[in-house]
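Notes follow once the structure below has been shown.
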Amino acid sequence: MTYKIHKAVVVGAGTMGAAIAAHLANAGVPVTLLDIVPRELTEKEKAKGLTLEDPAVRNRIVNEGLERAIKSKPASFHAKELASLVSTGNLEDDFDVIAEADWVIEVIIENLKIKQDLMARIDEVRSEHCIVSTNTSGIPVTDIAEGRSEGFRQHFLGTHFFNPPRYLKLLEVIPTADTLPEVVETIHHFGEFRLGKGIVPCKDTPNFIGNRLGFGTGAFALDYILKNGYTVKEVDTITGPAIGRPKTGTFRLIDLVGVDVWEHVGTNLQKAIPHDEHAQRYLSSEKANTLIHQMVENGWLGNKAKQGFYKMVRKDGKKEFWSLNLETLEYELEEKPKFDSIGEAKGKDTLAEKLEVLLAADDRAGQLVQAMTYQGLAYASECIPEIADTPKPIDDAMRWGFGHQAGPFEIWDMIGLTKAIEAMREAGFPPAGWVGEMVENGIETFYQYDGDRKVGLYNPATGDYVNIEPNPNVIVLKNQKEAGKLVSRNTGASLIDIGDGVVCVEFQTKMNSIDTEILDMMNEAMDLVETGEFQGVVISNDDERAFCAGANLFGVVMAAQGGMWDQLSDIVKQLQDTNMRMRYFPNPVVVAPFGLTLGGGGEITMHGNRVVAASELYLGQVEIGAGVIPAGGGTKELLRRIVNPAMRVKDVAVLPFMQKVFELIGQAEVATSAVEARQMGFLAPADRIVMNRDHLLSEAKKEVLHMLDTGYTPPRPEKIYAAGRDTLAALRAGIYMFSEGGYITEYESHIGEKMIYAMTGGELSKPTWVDEQYILDLEREAFLSLCGEEKTQERMWSLLRTGKVKRN
């Protein structure tokens with residue numbers, strides 16, 4: 001049978017269930033969210049004279065769950081409007097919706113009997129093609145389906161999402177012995193392509209892979225931290241980016257997950273793995289368990305309670321984040337700790353180099369990193385083959401589920417197998433026996449490498465390597481270069497042959513900021529297409545954070561302060577000309593942005609023939625924070641996209657559309673997803689959105705080939721509607737009111753004046769359709785003028801030194 005997922009039902013509107021429903025909506029899937037009927041009225045409902053039979057009451061729990069998801073921060077939905085794809089109902093009045101569902105996901109309380117009772121009801125009404133899954137994190141999946149019909153069991157499996165599901169890539173898929181292979185394949189494919197997930201197949205063992213490793217090592221860390229007197233801020237300073245982990249570190253992560261959730265999962269895991277002596281030593285830690293339980297009793301549950309290991313305190317009108325003293329259980333303002341080893345590690349480029357520093361350090365930071373690393377490696381090795389047959393699923397789960405830069409076996413390879421084993425044994429954490437057998441057989445790494453690319457994986461069962469088949473939907477530029485596909489390179493960018501006549505421009509400056517070298521490479525790529533060496537261009541890169549964070553601000557401010565006005569003008573003109581060449585280039589130039597795409601990065605994006613964007617896209621014209629306006633064609637392009645279409649309609653007032661452009665530029669509005677970027681006008685209706693970041697380059701390349709196959713021709717040059725002096729006067733009045741109201745500074749009024757002059761075409765006596773170059777010249781003139789101002793230069797230096805906007 002071929003399975004299609006067009007409609008879904010999520011049962012359980014708690015934090016996780018509602019967020020899963022939101023992410024299905026992000027993928028364009030209509031979903032019904034169900035929950036129980038309330039057993040009693042609230043005081044507000046009583047005051048309104050409502051009864052338990054009123055629909056508003058009966059759907060109160062599910063509606064509140066959806067509302068929390070709509071308001072959640074970070075946002076669960078790519079845009080709030082997508083909540084319209086989520087319908088709500090309750091398990092008594094609306095259960096029949098399951099009969100029409102293609103996929104039903106259970107996300108209710110972790111109670112086996114309650115889950116089994118729900119599955120019995122679902123079994124009675126589901127269609128024969130309906131896939132049913134549980135999001136349980138600890139109950140055996142097979143037990144949940146016990147007693148169900150054969151058809152149900154064949155279509156039943158575990159799908160364990162990690163919270164928040166929009167942002168954490170991991171999806172653990174846990175089939176039972178009865179699950180049909182085609183059902184598993186359907187969920188794998190849908191999860192990867194539609195939901196953007198990294199799929200890790202799991203055995204039906206307690207807490208599967210991610211939480212088994214996460215809590216087995218996390219329990220040790222908490223026990224060690226408390227026994228050795230570390231403070232909350234010390235730990236989070238040590239266990240964040242310096243060791244390849246997120247900024248949340250340890251305690252901010254527990255606050256994010258929920259202290260009560262941490263206790264619940266840890267307690268259940270301890271009961272479920274009595275055979276795991278290693279984990280039991282730390283899961284039963286009296287000191288750690290007493291602390292966590294006391295915090296739960298106090299209601300200090302973390303972010304959701306606005307108080308956990310951290311608490312936000314307002315003092316003299318300013319926010320301060322106080323941390324919990326782990327001895328006294330009092331909150332205090334703790335100064336940021338400093339460790340020599342952490343400072344040295346942060347100065348290193350690679351995780352391997354950072355770890356080399358910290359594993360050799362003898363300060364308290366080094367001691368904690370050594371203990372956590374060696375225990376983590378030992379425990380990961382002991383979990384094979386119970387939870388996974390090879391290292392790869394464990395590494396994938398820790399990277400995708402917890403945001404670690406590398407999994408335990410990848411880290412082990414970085415350190416060196418035999419070197420790590422000696423240190424682990426000395427620290428009291430010997431590895432599992434199969435690791436020793438590896439060494440005895442002369443095998444020195446868990447992965448085989450071709451350069452940095454993993455091509456083989458050690459299988460302890462066979463004592464040999466198995467091939468890692470490359471994913472045909474993933475293009476890794478680093479691998480392409482190692483395979484001899486580098487076409488050209490300078491200090492700012494590379495040109496890489498990605499096959500089928502497509503060349504990729506890869507930015508490689510810090511934060512991929514734009515300089516003349518990058519622009520030279522973009523033009524060289526188009527030159528190569530004109531000579532017939534290639535047929536189309538993709539602009540993207542392998543960076544995890546930023547497609548392009550804007551112009552090289554240091555270069556701009558240094559040129560301005562050095563009075564190098566001709567050179568600065570030439571650079572801005574080169575960016576404008578390159579963008580315009582892209583826009584009207586006869587062959588496809590596809591821009592594939594992701595992550596931070598700010599300022600000039602947004603301007604490059606808007607000038608591509610087509611955009612294939614990652615769903616997680618943070619795009620905006622934020623130049624005003626640096627004291628300037630968009631001058632690489634950004635102002636012109638927003639006018640073309642927002643004002644032009646409206647002004648082709650008879651008798652339409654221009655001001656509302658000009659106000660939208662004014663807000664986008666003047667308030668430095670940033671889209672927080674590709675969907676929002678489309679709503680705001682940064683992406684066009686024909687631009688595509690890709691849910692899986694790993695597929696972005698491949699999909700951009702496919703778009704180039706599709707455009708070639710369908711006979712792509714560039715757009716005609718388009719004139720821009722210049723609204724003239726009347727609209728300029730109206731916008732000036734708006735700036736004056738903002739200034740008088742204290743919303744903007746006097747200097748921001750000055751920047752705003754330059755901005756609206758370029759937006760309206762200046763003091764034109766009447767509205768006029770002008771050439772694009774007219775607006776481009778005004779943009780450039782305003783930019784250069786502002787660069788000469790002392791307060792703009794102050795803003796630029798503030799951004800460079802602190803990363804913060806100076807409101808001067």
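Identifiers in the structure tokens: chain A, B, ... in order shown; residue index from 1 per chain; ligand index from 1 in order shown.
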
Practice task
Would you kindly return, as a PyMOL selection string, each protein, DNA or RNA residue with an atom no farther than 9 Å from any atom of A:Arg245, considering only C-alpha atoms and excluding same-chain residues fewer than 4 positions away?
Solution key: chain A and resi 239-241+249+402-406

I want to know what sits within 7 Å of A:Phe507, based on only C-alpha atoms, with residues of the same chain fewer than 4 positions away left out; could you give that as a PDB file with N, CA and C atoms, in the first residue's frame?
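What follows is the written file result.pdb:
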```
ATOM      1  N   GLY A 492      37.694  35.691  -0.098  1.00  0.00           N
ATOM      2  CA  GLY A 492      36.313  35.922   0.315  1.00  0.00           C
ATOM      3  C   GLY A 492      35.333  34.829  -0.042  1.00  0.00           C
ATOM      4  N   ALA A 493      35.604  34.092  -1.114  1.00  0.00           N
ATOM      5  CA  ALA A 493      34.616  33.115  -1.598  1.00  0.00           C
ATOM      6  C   ALA A 493      35.289  32.071  -2.476  1.00  0.00           C
ATOM      7  N   SER A 494      34.539  31.002  -2.706  1.00  0.00           N
ATOM      8  CA  SER A 494      34.991  29.934  -3.605  1.00  0.00           C
ATOM      9  C   SER A 494      33.905  29.656  -4.633  1.00  0.00           C
ATOM     10  N   ASN A 512      30.240  35.373   6.943  1.00  0.00           N
ATOM     11  CA  ASN A 512      29.972  35.498   5.503  1.00  0.00           C
ATOM     12  C   ASN A 512      29.603  36.925   5.105  1.00  0.00           C
ATOM     13  N   ILE A 518      34.104  38.701  -2.377  1.00  0.00           N
ATOM     14  CA  ILE A 518      32.865  37.948  -2.594  1.00  0.00           C
ATOM     15  C   ILE A 518      32.181  38.418  -3.877  1.00  0.00           C
ATOM     16  N   ASN A 541      26.079  28.400   1.184  1.00  0.00           N
ATOM     17  CA  ASN A 541      27.272  27.867   1.837  1.00  0.00           C
ATOM     18  C   ASN A 541      26.889  26.852   2.905  1.00  0.00           C
TER      19      ASN A 541
END
```

Practice task
Please provide as a PyMOL selection string all residues within 12 Å of A:Ile468, with the sequence filter that same-chain residues fewer than 3 positions apart are discarded (counting only C-alpha atoms).
Solution key: chain A and resi 390+392+447-450+453-459+465+471

Spatial neighbours of stretch 495-500 of chain A, 9 Å, only C-alpha atoms, chain gap at least 3 places, as a short mmCIF file (atom, residue, chain, number, x, y, z; two decimals) with all heavy atoms, in the first residue's frame:
```cif
data_model
loop_
_atom_site.label_atom_id
_atom_site.label_comp_id
_atom_site.auth_asym_id
_atom_site.auth_seq_id
_atom_site.Cartn_x
_atom_site.Cartn_y
_atom_site.Cartn_z
N ILE A 475 24.14 17.90 -0.43
CA ILE A 475 25.40 18.34 -1.04
C ILE A 475 26.20 19.06 0.03
O ILE A 475 25.70 20.02 0.64
CB ILE A 475 25.15 19.29 -2.23
CG1 ILE A 475 24.43 18.56 -3.37
CG2 ILE A 475 26.47 19.86 -2.74
CD1 ILE A 475 24.02 19.48 -4.52
N LEU A 477 29.54 21.16 0.52
CA LEU A 477 30.53 21.85 -0.30
C LEU A 477 31.95 21.47 0.08
O LEU A 477 32.83 21.36 -0.79
CB LEU A 477 30.33 23.35 -0.18
CG LEU A 477 29.01 23.88 -0.76
CD1 LEU A 477 28.88 25.38 -0.51
CD2 LEU A 477 28.89 23.58 -2.25
N GLN A 480 32.75 18.41 -1.71
CA GLN A 480 32.93 18.67 -3.14
C GLN A 480 34.34 19.21 -3.41
O GLN A 480 35.00 18.82 -4.38
CB GLN A 480 31.89 19.68 -3.64
CG GLN A 480 30.45 19.20 -3.57
CD GLN A 480 30.17 18.07 -4.55
OE1 GLN A 480 29.96 16.93 -4.16
NE2 GLN A 480 30.20 18.39 -5.84
N LYS A 481 34.81 20.10 -2.54
CA LYS A 481 36.16 20.65 -2.73
C LYS A 481 37.22 19.58 -2.55
O LYS A 481 38.20 19.53 -3.31
CB LYS A 481 36.38 21.81 -1.75
CG LYS A 481 35.61 23.08 -2.12
CD LYS A 481 35.93 24.25 -1.22
CE LYS A 481 35.22 24.17 0.09
NZ LYS A 481 35.37 25.41 0.90
N GLY A 484 37.94 17.52 -5.53
CA GLY A 484 38.56 18.17 -6.68
C GLY A 484 37.62 19.03 -7.50
O GLY A 484 37.90 19.33 -8.67
N LYS A 485 36.50 19.47 -6.89
CA LYS A 485 35.51 20.25 -7.63
C LYS A 485 35.67 21.76 -7.45
O LYS A 485 34.81 22.52 -7.88
CB LYS A 485 34.09 19.83 -7.18
CG LYS A 485 33.78 18.35 -7.42
CD LYS A 485 33.71 18.01 -8.89
CE LYS A 485 33.27 16.58 -9.10
NZ LYS A 485 33.21 16.24 -10.54
N LEU A 486 36.76 22.19 -6.81
CA LEU A 486 37.00 23.62 -6.64
C LEU A 486 37.36 24.23 -8.00
O LEU A 486 38.29 23.79 -8.67
CB LEU A 486 38.13 23.86 -5.64
CG LEU A 486 38.47 25.31 -5.32
CD1 LEU A 486 37.30 26.01 -4.63
CD2 LEU A 486 39.72 25.39 -4.46
N VAL A 487 36.62 25.24 -8.40
CA VAL A 487 36.83 25.89 -9.70
C VAL A 487 37.72 27.12 -9.56
O VAL A 487 38.64 27.34 -10.36
CB VAL A 487 35.47 26.29 -10.32
CG1 VAL A 487 35.67 27.04 -11.64
CG2 VAL A 487 34.59 25.06 -10.52
N SER A 488 37.46 27.92 -8.53
CA SER A 488 38.22 29.15 -8.33
C SER A 488 38.05 29.58 -6.89
O SER A 488 37.06 29.21 -6.23
CB SER A 488 37.72 30.25 -9.28
OG SER A 488 38.50 31.42 -9.17
N ARG A 489 39.01 30.38 -6.40
CA ARG A 489 38.94 30.77 -4.99
C ARG A 489 39.72 32.05 -4.76
O ARG A 489 40.75 32.28 -5.39
CB ARG A 489 39.53 29.65 -4.12
CG ARG A 489 39.39 29.89 -2.63
CD ARG A 489 39.80 28.64 -1.85
NE ARG A 489 39.47 28.78 -0.44
CZ ARG A 489 40.36 28.95 0.52
NH1 ARG A 489 41.64 29.00 0.23
NH2 ARG A 489 39.97 29.07 1.78
N VAL A 503 27.32 25.80 -10.92
CA VAL A 503 28.43 26.24 -10.08
C VAL A 503 27.87 26.95 -8.85
O VAL A 503 26.88 27.68 -8.94
CB VAL A 503 29.40 27.17 -10.86
CG1 VAL A 503 28.72 28.47 -11.26
CG2 VAL A 503 30.66 27.45 -10.04
N CYS A 504 28.49 26.69 -7.70
CA CYS A 504 28.02 27.30 -6.45
C CYS A 504 29.02 28.34 -5.98
O CYS A 504 30.24 28.10 -5.95
CB CYS A 504 27.85 26.23 -5.37
SG CYS A 504 27.28 26.88 -3.78
N VAL A 505 28.52 29.52 -5.60
CA VAL A 505 29.33 30.55 -4.97
C VAL A 505 29.21 30.36 -3.46
O VAL A 505 28.12 30.50 -2.90
CB VAL A 505 28.86 31.96 -5.36
CG1 VAL A 505 29.78 33.02 -4.75
CG2 VAL A 505 28.80 32.13 -6.87
N GLU A 506 30.33 30.06 -2.82
CA GLU A 506 30.35 29.84 -1.37
C GLU A 506 31.08 31.00 -0.70
O GLU A 506 32.26 31.23 -0.95
CB GLU A 506 31.08 28.53 -1.05
CG GLU A 506 31.22 28.26 0.45
CD GLU A 506 32.23 27.18 0.77
OE1 GLU A 506 33.26 27.08 0.06
OE2 GLU A 506 32.00 26.44 1.73
N MET A 521 33.84 37.10 -6.93
CA MET A 521 33.53 35.68 -7.20
C MET A 521 32.12 35.51 -7.76
O MET A 521 31.88 34.65 -8.61
CB MET A 521 33.70 34.86 -5.93
CG MET A 521 35.11 34.42 -5.66
SD MET A 521 35.66 33.21 -6.88
CE MET A 521 37.37 33.66 -7.03
N MET A 522 31.17 36.32 -7.29
CA MET A 522 29.82 36.25 -7.85
C MET A 522 29.85 36.61 -9.32
O MET A 522 29.20 35.95 -10.15
CB MET A 522 28.88 37.19 -7.08
CG MET A 522 28.57 36.72 -5.66
SD MET A 522 27.67 37.95 -4.67
CE MET A 522 26.13 38.06 -5.57
N GLU A 524 32.51 36.39 -11.29
CA GLU A 524 33.25 35.35 -12.01
C GLU A 524 32.34 34.16 -12.32
O GLU A 524 32.44 33.57 -13.40
CB GLU A 524 34.47 34.90 -11.20
CG GLU A 524 35.34 33.90 -11.96
CD GLU A 524 36.62 33.54 -11.23
OE1 GLU A 524 37.11 34.36 -10.41
OE2 GLU A 524 37.16 32.45 -11.49
N ALA A 525 31.47 33.82 -11.37
CA ALA A 525 30.53 32.71 -11.61
C ALA A 525 29.64 33.02 -12.81
O ALA A 525 29.42 32.16 -13.67
CB ALA A 525 29.68 32.47 -10.37
N PHE A 534 29.49 26.76 -17.52
CA PHE A 534 28.40 26.32 -16.64
C PHE A 534 27.09 26.86 -17.19
O PHE A 534 27.08 27.77 -18.04
CB PHE A 534 28.62 26.79 -15.20
CG PHE A 534 29.75 26.11 -14.50
CD1 PHE A 534 31.02 26.68 -14.48
CD2 PHE A 534 29.57 24.88 -13.87
CE1 PHE A 534 32.07 26.05 -13.85
CE2 PHE A 534 30.61 24.25 -13.24
CZ PHE A 534 31.87 24.83 -13.22
N GLN A 535 25.98 26.30 -16.69
CA GLN A 535 24.66 26.69 -17.18
C GLN A 535 23.86 27.52 -16.18
O GLN A 535 22.90 28.19 -16.54
CB GLN A 535 23.84 25.43 -17.54
CG GLN A 535 24.46 24.60 -18.65
CD GLN A 535 24.58 25.40 -19.94
OE1 GLN A 535 23.62 26.00 -20.41
NE2 GLN A 535 25.78 25.42 -20.50
N SER A 698 20.95 20.96 -2.49
CA SER A 698 20.44 20.03 -3.49
C SER A 698 19.17 20.58 -4.14
O SER A 698 19.00 20.51 -5.37
CB SER A 698 20.17 18.67 -2.85
OG SER A 698 19.58 17.78 -3.77
N LYS A 701 20.00 23.51 -6.43
CA LYS A 701 20.53 22.99 -7.70
C LYS A 701 19.39 22.46 -8.58
O LYS A 701 19.34 22.74 -9.79
CB LYS A 701 21.55 21.89 -7.42
CG LYS A 701 22.06 21.19 -8.69
CD LYS A 701 22.97 20.03 -8.34
CE LYS A 701 23.24 19.15 -9.54
NZ LYS A 701 24.12 18.00 -9.21
N LEU A 705 18.17 23.61 -12.48
CA LEU A 705 17.94 22.68 -13.59
C LEU A 705 16.49 22.74 -14.09
O LEU A 705 16.24 22.68 -15.29
CB LEU A 705 18.30 21.25 -13.16
CG LEU A 705 19.77 21.05 -12.75
CD1 LEU A 705 19.99 19.62 -12.24
CD2 LEU A 705 20.71 21.35 -13.91
#
```

Practice task
With a distance cut-off of 7 Å and only C-alpha atoms, select the neighbouring residues of stretch 283-285 of chain A, excluding the residue or stretch itself and same-chain residues fewer than 5 positions from it, and output the selection as a list of chain:residue names.
Solution key: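 Within the cut-off, the hits are A:Ala219, A:Asp223, A:Gly266, A:Gln270.
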
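Among the candidate residues A:Gly788, A:Ile225, A:Lys804, A:Ile122, the one lying nearest to A:Met564 is A:Gly788, with distances computed using only C-alpha atoms.
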
Just asking: which residues within stretch 476-507 of chain A are alpha helix (DSSP H) according to DSSP, as a PDB file with C-alpha atoms, in the first residue's frame?
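Produced file part.pdb, reproduced below:
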```
ATOM      1  CA  LEU A 477      30.529  21.850  -0.298  1.00  0.00           C
ATOM      2  CA  LYS A 478      33.537  20.831   1.785  1.00  0.00           C
ATOM      3  CA  ASN A 479      33.257  17.311   0.387  1.00  0.00           C
ATOM      4  CA  GLN A 480      32.931  18.672  -3.143  1.00  0.00           C
ATOM      5  CA  LYS A 481      36.157  20.652  -2.727  1.00  0.00           C
ATOM      6  CA  GLU A 482      37.981  17.626  -1.333  1.00  0.00           C
TER       7      GLU A 482
END
```

Problem - In stretch 451-684 of chain A, DSSP strand (DSSP E or B) residues written as a PyMOL selection string - result: chain A and resi 453-459+464-467+486-489+493-497+502-507+514+536-539+546-548+551+589-591+595-598+610-614+617-620+670-671

Handout entry: Nearest residue to A:His155 from the set A:Val141, A:Val132, A:Leu417, A:Leu708 (distances using only C-alpha atoms)
Key =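 Closest to A:His155, using only C-alpha atoms: A:Val132.
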
Excluding stretch 651-656 of chain A and its own-chain neighbours fewer than 3 positions away, which residues fall within 10 Å of it when counting only C-alpha atoms? Please give them as a compact mmCIF listing (two decimals) with all heavy atoms, in the first residue's frame.
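Once everything was written out, this is result03.txt:
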```txt
# COMPACT_ATOMS: atom_id res chain seq x y z
N VAL A 643 5.46 48.51 -3.22
CA VAL A 643 4.76 49.70 -3.71
C VAL A 643 4.32 49.53 -5.17
O VAL A 643 3.18 49.84 -5.52
CB VAL A 643 5.64 50.96 -3.54
CG1 VAL A 643 4.94 52.19 -4.11
CG2 VAL A 643 5.99 51.17 -2.07
N ASN A 644 5.22 49.04 -6.01
CA ASN A 644 4.90 48.94 -7.44
C ASN A 644 3.59 48.21 -7.74
O ASN A 644 2.75 48.73 -8.49
CB ASN A 644 6.04 48.25 -8.19
CG ASN A 644 7.13 49.21 -8.61
OD1 ASN A 644 7.20 50.32 -8.12
ND2 ASN A 644 7.99 48.78 -9.52
N ALA A 646 0.91 47.72 -6.04
CA ALA A 646 -0.27 48.48 -5.61
C ALA A 646 -0.54 49.66 -6.52
O ALA A 646 -1.70 49.97 -6.85
CB ALA A 646 -0.07 48.97 -4.17
N MET A 647 0.54 50.31 -6.99
CA MET A 647 0.35 51.53 -7.77
C MET A 647 -0.01 51.26 -9.23
O MET A 647 -0.22 52.20 -10.00
CB MET A 647 1.60 52.41 -7.67
CG MET A 647 1.92 52.83 -6.23
SD MET A 647 0.45 53.23 -5.23
CE MET A 647 -0.17 54.66 -6.09
N ARG A 648 -0.05 50.01 -9.59
CA ARG A 648 -0.56 49.68 -10.93
C ARG A 648 -2.09 49.56 -10.93
O ARG A 648 -2.70 49.35 -11.97
CB ARG A 648 0.07 48.38 -11.43
CG ARG A 648 1.57 48.52 -11.69
CD ARG A 648 2.12 47.32 -12.46
NE ARG A 648 3.55 47.48 -12.66
CZ ARG A 648 4.49 46.91 -11.90
NH1 ARG A 648 4.12 46.14 -10.89
NH2 ARG A 648 5.76 47.10 -12.14
N GLN A 659 4.40 53.23 3.94
CA GLN A 659 4.56 53.04 5.38
C GLN A 659 5.10 51.64 5.68
O GLN A 659 5.92 51.46 6.60
CB GLN A 659 3.23 53.27 6.11
CG GLN A 659 2.86 54.74 6.23
CD GLN A 659 1.48 54.94 6.83
OE1 GLN A 659 0.60 54.10 6.68
NE2 GLN A 659 1.29 56.07 7.50
N LYS A 660 4.66 50.66 4.91
CA LYS A 660 5.16 49.30 5.13
C LYS A 660 6.65 49.23 4.85
O LYS A 660 7.42 48.64 5.62
CB LYS A 660 4.40 48.31 4.24
CG LYS A 660 4.84 46.86 4.47
CD LYS A 660 4.03 45.87 3.67
CE LYS A 660 4.52 44.44 3.93
NZ LYS A 660 3.77 43.43 3.15
N VAL A 661 7.10 49.85 3.75
CA VAL A 661 8.54 49.89 3.45
C VAL A 661 9.27 50.66 4.53
O VAL A 661 10.35 50.26 4.99
CB VAL A 661 8.78 50.52 2.06
CG1 VAL A 661 10.28 50.64 1.78
CG2 VAL A 661 8.10 49.69 0.97
N PHE A 662 8.67 51.78 4.96
CA PHE A 662 9.25 52.60 6.03
C PHE A 662 9.47 51.75 7.29
O PHE A 662 10.52 51.82 7.94
CB PHE A 662 8.30 53.76 6.32
CG PHE A 662 8.72 54.65 7.46
CD1 PHE A 662 9.50 55.77 7.23
CD2 PHE A 662 8.34 54.37 8.77
CE1 PHE A 662 9.90 56.59 8.28
CE2 PHE A 662 8.72 55.19 9.81
CZ PHE A 662 9.50 56.30 9.58
N TYR A 721 8.07 53.11 -8.76
CA TYR A 721 7.15 54.21 -8.47
C TYR A 721 7.79 55.13 -7.43
O TYR A 721 8.01 54.75 -6.27
CB TYR A 721 5.83 53.67 -7.94
CG TYR A 721 4.77 54.73 -7.75
CD1 TYR A 721 3.95 55.12 -8.80
CD2 TYR A 721 4.59 55.34 -6.51
CE1 TYR A 721 2.98 56.10 -8.63
CE2 TYR A 721 3.62 56.32 -6.32
CZ TYR A 721 2.82 56.70 -7.39
OH TYR A 721 1.85 57.66 -7.22
N ALA A 722 8.14 56.34 -7.84
CA ALA A 722 8.69 57.37 -6.94
C ALA A 722 7.54 58.28 -6.54
O ALA A 722 7.00 59.01 -7.37
CB ALA A 722 9.80 58.14 -7.62
N ALA A 723 7.16 58.25 -5.27
CA ALA A 723 5.94 58.92 -4.82
C ALA A 723 6.07 60.45 -4.77
O ALA A 723 5.07 61.16 -4.81
CB ALA A 723 5.53 58.39 -3.45
N ASP A 726 4.91 65.02 -1.95
CA ASP A 726 3.75 64.99 -1.06
C ASP A 726 3.86 63.81 -0.08
O ASP A 726 3.59 63.96 1.12
CB ASP A 726 2.46 64.87 -1.87
CG ASP A 726 2.13 66.16 -2.62
OD1 ASP A 726 2.79 67.19 -2.34
OD2 ASP A 726 1.25 66.13 -3.49
N THR A 727 4.24 62.66 -0.61
CA THR A 727 4.42 61.49 0.27
C THR A 727 5.62 61.70 1.17
O THR A 727 5.61 61.31 2.35
CB THR A 727 4.60 60.21 -0.57
OG1 THR A 727 3.46 60.05 -1.42
CG2 THR A 727 4.75 58.99 0.32
N LEU A 728 6.66 62.36 0.64
CA LEU A 728 7.83 62.68 1.46
C LEU A 728 7.42 63.54 2.65
O LEU A 728 7.86 63.31 3.79
CB LEU A 728 8.88 63.41 0.60
CG LEU A 728 10.14 63.90 1.30
CD1 LEU A 728 10.91 62.75 1.93
CD2 LEU A 728 11.04 64.67 0.32
N ALA A 730 4.47 63.66 4.06
CA ALA A 730 3.67 62.84 5.00
C ALA A 730 4.58 61.97 5.86
O ALA A 730 4.35 61.82 7.07
CB ALA A 730 2.68 61.98 4.20
N LEU A 731 5.59 61.39 5.26
CA LEU A 731 6.51 60.55 6.01
C LEU A 731 7.35 61.39 6.98
O LEU A 731 7.68 60.95 8.08
CB LEU A 731 7.42 59.77 5.06
CG LEU A 731 6.71 58.69 4.22
CD1 LEU A 731 7.67 58.07 3.22
CD2 LEU A 731 6.10 57.61 5.11
N PRO A 767 4.19 62.26 -8.44
CA PRO A 767 4.63 60.87 -8.54
C PRO A 767 5.09 60.53 -9.96
O PRO A 767 4.48 60.97 -10.94
CB PRO A 767 3.36 60.08 -8.17
CG PRO A 767 2.56 61.03 -7.33
CD PRO A 767 2.83 62.38 -7.91
```

Counting only C-alpha atoms, what is within 10 Å of A:Gly625, bar same-chain residues fewer than 6 positions away, as a compact mmCIF listing (two decimals) with N, CA and C atoms, in the first residue's frame?
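After the write, out34.txt holds the following:
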```txt
# COMPACT_ATOMS: atom_id res chain seq x y z
N ILE A 665 12.34 49.00 6.88
CA ILE A 665 13.70 49.56 6.93
C ILE A 665 13.92 50.33 8.23
N GLY A 666 12.99 51.23 8.55
CA GLY A 666 13.18 52.13 9.68
C GLY A 666 13.13 51.44 11.02
N GLN A 667 12.36 50.35 11.13
CA GLN A 667 12.29 49.62 12.38
C GLN A 667 13.12 48.35 12.34
N ALA A 668 13.88 48.18 11.27
CA ALA A 668 14.78 47.03 11.12
C ALA A 668 14.05 45.72 11.42
N GLU A 748 18.36 59.54 14.95
CA GLU A 748 17.55 58.58 14.20
C GLU A 748 16.57 59.30 13.29
N THR A 792 27.01 57.95 13.14
CA THR A 792 26.93 56.68 12.41
C THR A 792 28.17 55.84 12.69
N ARG A 795 27.90 54.20 15.95
CA ARG A 795 27.01 53.03 15.90
C ARG A 795 27.75 51.82 15.32
N MET A 796 28.50 52.05 14.28
CA MET A 796 29.24 50.94 13.66
C MET A 796 30.23 50.33 14.64
N SER A 798 30.09 50.40 17.87
CA SER A 798 29.35 49.72 18.93
C SER A 798 28.96 48.30 18.50
N LEU A 799 28.47 48.18 17.27
CA LEU A 799 28.10 46.86 16.75
C LEU A 799 29.31 45.95 16.67
N LYS A 804 25.86 45.21 19.92
CA LYS A 804 24.61 45.88 20.29
C LYS A 804 24.48 47.22 19.56
N VAL A 805 23.22 47.60 19.28
CA VAL A 805 22.94 48.87 18.62
C VAL A 805 23.05 50.00 19.62
N LYS A 806 23.75 51.04 19.25
CA LYS A 806 23.86 52.23 20.09
C LYS A 806 22.79 53.22 19.68
N ARG A 807 21.87 53.53 20.58
CA ARG A 807 20.79 54.47 20.29
C ARG A 807 21.27 55.89 20.59
```

Exercise for the section: Take atom CA of A:His129 and atom CA of A:Ala177 and report the distance between them in Å, one decimal. Expected result: 18.4 Å
